[in-house]
file start36.txt (compact mmCIF, C-alpha atoms)
# COMPACT_ATOMS: atom_id res chain seq x y z
CA LEU G 1 -11.89 -0.45 -4.63
CA GLN G 2 -9.29 -0.36 -7.39
CA TRP G 3 -10.58 -3.73 -8.66
CA ALA G 4 -14.28 -2.87 -8.35
CA ASP G 5 -16.37 -3.00 -11.49
CA PRO G 6 -18.75 -0.14 -12.38
CA ALA G 7 -21.82 -2.16 -11.29
CA SER G 8 -20.37 -2.66 -7.79
CA ILE G 9 -19.55 1.04 -7.48
CA ALA G 10 -23.11 1.87 -8.60
CA ALA G 11 -24.48 -0.51 -5.93
CA VAL G 12 -22.40 1.17 -3.21
CA ASN G 13 -23.53 4.61 -4.38
CA GLN G 14 -27.16 3.41 -4.32
CA LEU G 15 -26.75 2.11 -0.75
CA LEU G 16 -25.15 5.36 0.37
CA SER G 17 -27.87 7.48 -1.25
CA ALA G 18 -30.52 5.41 0.57
CA VAL G 19 -29.15 6.58 3.94
CA LYS G 20 -31.32 9.38 5.26
CA PRO G 21 -29.12 11.91 7.09
CA THR G 22 -32.13 13.30 9.00
CA SER G 23 -33.08 9.97 10.54
CA HIS G 24 -31.44 9.61 13.98
CA ASP G 25 -31.84 5.85 14.16
CA ALA G 26 -30.46 5.08 10.68
CA HIS G 27 -26.88 3.82 10.80
CA PHE G 28 -24.75 2.61 7.94
CA PHE G 29 -21.05 1.84 7.98
CA PHE G 30 -19.10 1.46 4.76
CA LEU G 31 -15.38 0.89 4.62
CA GLY G 32 -13.71 1.04 1.26
CA CYS G 33 -10.01 0.95 0.59
CA TYR G 34 -7.74 1.34 -2.38
CA ARG G 35 -4.10 1.88 -3.16
CA LYS G 36 -3.18 5.39 -4.10
CA GLY G 37 -2.64 5.60 -7.83
CA ASP G 38 -4.30 2.22 -8.51
CA ALA G 39 -7.94 3.27 -8.43
CA ASP G 40 -9.53 3.77 -11.83
CA SER G 41 -10.03 7.49 -12.35
CA GLY G 42 -13.60 6.79 -13.56
CA ILE G 43 -14.60 5.16 -10.25
CA THR G 44 -15.99 7.48 -7.63
CA ILE G 45 -17.97 6.92 -4.49
CA SER G 46 -20.33 9.86 -4.21
CA CYS G 47 -21.23 10.17 -0.57
CA ASP G 48 -19.87 13.52 0.57
CA ASP G 49 -23.13 15.36 -0.03
CA ILE G 50 -25.22 12.56 1.56
CA VAL G 51 -23.34 11.37 4.62
CA SER G 52 -20.16 12.33 6.39
CA SER G 53 -17.03 10.53 5.30
CA ILE G 54 -13.44 10.37 6.41
CA ASN G 55 -10.45 9.54 4.26
CA VAL G 56 -7.62 7.89 6.13
CA GLU G 57 -4.30 7.58 4.34
CA LEU G 58 -2.23 4.65 5.51
CA ASP G 59 1.43 5.21 4.70
CA CYS G 60 4.34 2.88 5.24
CA MET G 61 5.54 2.61 8.82
CA GLY G 62 8.96 3.51 10.11
CA GLU G 63 11.25 0.90 11.61
CA GLU G 64 10.41 1.91 15.17
CA THR G 65 6.68 1.66 14.48
CA VAL G 66 7.16 -1.80 12.98
CA ASN G 67 9.05 -2.78 16.14
CA THR G 68 6.17 -1.53 18.29
CA MET G 69 3.69 -3.50 16.18
CA VAL G 70 5.76 -6.70 16.36
CA SER G 71 6.43 -6.22 20.07
CA GLU G 72 2.74 -5.78 20.89
CA THR G 73 1.69 -8.64 18.61
CA LEU G 74 4.11 -11.08 20.25
CA CYS G 75 3.66 -9.64 23.77
CA LEU G 76 7.40 -9.13 24.10
CA SER G 77 9.51 -6.17 25.09
CA PRO G 78 10.53 -3.93 22.15
CA ARG G 79 14.14 -4.58 23.15
CA LEU G 80 13.64 -8.31 22.51
CA THR G 81 11.88 -7.87 19.15
CA ARG G 82 14.26 -5.30 17.65
CA ALA G 83 16.25 -7.83 15.55
CA LEU G 84 13.08 -9.51 14.28
CA SER G 85 11.44 -6.16 13.53
CA SER G 86 14.51 -4.95 11.70
CA ALA G 87 14.43 -8.01 9.42
CA ILE G 88 10.69 -7.61 8.84
CA TYR G 89 11.09 -3.90 8.13
CA HIS G 90 13.83 -4.47 5.57
CA LYS G 91 11.76 -7.16 3.84
CA THR G 92 8.52 -5.12 3.76
CA LYS G 93 9.79 -1.52 3.67
CA GLY G 94 7.21 -0.81 6.38
CA ASN G 95 4.13 -1.57 4.27
CA PRO G 96 1.48 -2.48 6.93
CA LEU G 97 -0.17 -5.14 4.76
CA PHE G 98 3.19 -6.73 3.93
CA VAL G 99 4.20 -6.70 7.62
CA THR G 100 1.01 -8.47 8.67
CA ARG G 101 1.10 -11.01 5.85
CA LEU G 102 4.81 -11.70 6.36
CA MET G 103 4.29 -12.38 10.06
CA ILE G 104 1.44 -14.78 9.26
CA SER G 105 3.60 -16.48 6.64
CA LEU G 106 6.55 -16.77 9.03
CA CYS G 107 4.33 -18.45 11.63
CA ARG G 108 2.83 -20.79 9.05
CA ASP G 109 6.33 -21.77 7.84
CA GLY G 110 7.58 -22.30 11.40
CA VAL G 111 10.22 -19.57 11.14
CA LEU G 112 8.40 -17.56 13.83
CA ARG G 113 7.13 -19.94 16.49
CA PRO G 114 6.17 -20.08 20.16
CA SER G 115 8.63 -21.87 22.43
CA LEU G 116 7.00 -23.65 25.36
CA ARG G 117 10.40 -24.24 26.94
CA ARG G 118 11.39 -20.55 26.83
CA ARG G 119 7.78 -19.34 27.24
CA ARG G 120 8.13 -16.78 24.45
CA TRP G 121 8.34 -16.48 20.69
CA GLU G 122 11.46 -17.57 18.79
CA TRP G 123 12.58 -16.86 15.23
CA ASP G 124 15.36 -17.54 12.80
CA LYS G 125 16.53 -14.16 11.51
CA GLU G 126 18.64 -15.66 8.71
CA LYS G 127 15.68 -17.62 7.33
CA ILE G 128 13.53 -14.50 7.52
CA LEU G 129 16.10 -12.54 5.52
CA CYS G 130 16.14 -15.32 2.90
CA GLN G 131 12.33 -15.22 2.47
CA LYS G 132 11.28 -14.22 -1.05
CA LEU G 133 8.45 -11.69 -1.21
CA PRO G 134 6.51 -10.64 -4.29
CA ASP G 135 6.85 -7.01 -5.38
CA ASP G 136 3.09 -6.50 -5.16
CA VAL G 137 1.21 -6.99 -1.89
CA ALA G 138 -1.82 -8.23 -3.87
CA GLU G 139 0.22 -11.26 -4.99
CA PHE G 140 1.21 -11.93 -1.37
CA LEU G 141 -2.40 -11.80 -0.14
call {"tool": "encode", "arguments": {"input": "start36.txt", "output": "structure tokens"}}
result
Amino acid sequence: LQWADPASIAAVNQLLSAVKPTSHDAHFFFLGCYRKGDADSGITISCDDIVSSINVELDCMGEETVNTMVSETLCLSPRLTRALSSAIYHKTKGNPLFVTRLMISLCRDGVLRPSLRRRRWEWDKEKILCQKLPDDVAEFL
């Protein structure tokens, strides 16, 4: 939402105000996200008095959580993914968007690849550590 223009915010507010909380068969799902500190202070989604809303804050993950994510993504034991996860964690500082985008980039570049011979994923840790990442996740996306 930090890049939304005032007209888009007005359209979202109009949609949310059209939801009738008394109607049992009316359903509307809206997911908006923004980076803390990046959203324009003049932009507000006014839905609290109309419908229920939940704010979920997504912080950076710890190294063990990154290992769990990598392990589950690659269907490998956490013990086997620890070195890869450590490299990914140090490159991304645990930012969930960076972790996901880096893994996609590593696959696309062939640094993280499936091995038919070994019947599991393989990677080159040194090449991963040499990967250049932008400072801003928006540039990476």
call {"tool": "atom_distance", "arguments": {"input": "start36.txt", "atom1": "atom CA of G:Leu116", "atom2": "atom CA of G:Ser85"}}
result
21.6 Å
call {"tool": "closest_residue", "arguments": {"input": "start36.txt", "among": "G:Met69, G:Cys75, G:Leu80, G:Cys33", "to": "G:Met103", "atoms": "all atoms listed in the file"}}
result
G:Met69
call {"tool": "axis_aligned_box", "arguments": {"input": "start36.txt", "around": "stretch 114-123 of chain G", "padding_each_side": "8 Å", "output": "lines of an AutoDock Vina configuration file"}}
result
center_x = 9.4
center_y = -20.4
center_z = 21.2
size_x = 22.4
size_y = 23.8
size_z = 28.0
call {"tool": "residues_around", "arguments": {"input": "start36.txt", "residues": "stretch 117-130 of chain G", "least_positions_apart": "6", "cutoff": "12 Å", "atoms": "only C-alpha atoms", "output": "list in words"}}
result
Val70, Ser71, Thr73, Leu74, Cys75, Leu76, Ser77, Leu80, Thr81, Arg82, Ala83, Leu84, Ser85, Ser86, Ala87, Ile88, Tyr89, His90, Lys91, Thr92, Leu102, Met103, Ser105, Leu106, Cys107, Asp109, Gly110 and Val111 of chain G
call {"tool": "write_last_selection", "arguments": {"input": "start36.txt", "atoms": "C-alpha atoms", "output": "JSON list (two decimals), in the coordinates of the input"}}
result
[["chain", "number", "residue", "atom", "x", "y", "z"],
["G", 70, "VAL", "CA", 5.76, -6.70, 16.36],
["G", 71, "SER", "CA", 6.43, -6.22, 20.07],
["G", 73, "THR", "CA", 1.69, -8.64, 18.61],
["G", 74, "LEU", "CA", 4.11, -11.08, 20.25],
["G", 75, "CYS", "CA", 3.66, -9.64, 23.77],
["G", 76, "LEU", "CA", 7.40, -9.13, 24.10],
["G", 77, "SER", "CA", 9.51, -6.17, 25.09],
["G", 80, "LEU", "CA", 13.64, -8.31, 22.51],
["G", 81, "THR", "CA", 11.88, -7.87, 19.15],
["G", 82, "ARG", "CA", 14.26, -5.30, 17.65],
["G", 83, "ALA", "CA", 16.25, -7.83, 15.55],
["G", 84, "LEU", "CA", 13.08, -9.51, 14.28],
["G", 85, "SER", "CA", 11.44, -6.16, 13.53],
["G", 86, "SER", "CA", 14.51, -4.95, 11.70],
["G", 87, "ALA", "CA", 14.43, -8.01, 9.42],
["G", 88, "ILE", "CA", 10.69, -7.61, 8.84],
["G", 89, "TYR", "CA", 11.09, -3.90, 8.13],
["G", 90, "HIS", "CA", 13.83, -4.47, 5.57],
["G", 91, "LYS", "CA", 11.76, -7.16, 3.84],
["G", 92, "THR", "CA", 8.52, -5.12, 3.76],
["G", 102, "LEU", "CA", 4.81, -11.70, 6.36],
["G", 103, "MET", "CA", 4.29, -12.38, 10.06],
["G", 105, "SER", "CA", 3.60, -16.48, 6.64],
["G", 106, "LEU", "CA", 6.55, -16.77, 9.03],
["G", 107, "CYS", "CA", 4.33, -18.45, 11.63],
["G", 109, "ASP", "CA", 6.33, -21.77, 7.84],
["G", 110, "GLY", "CA", 7.58, -22.30, 11.40],
["G", 111, "VAL", "CA", 10.22, -19.57, 11.14]]
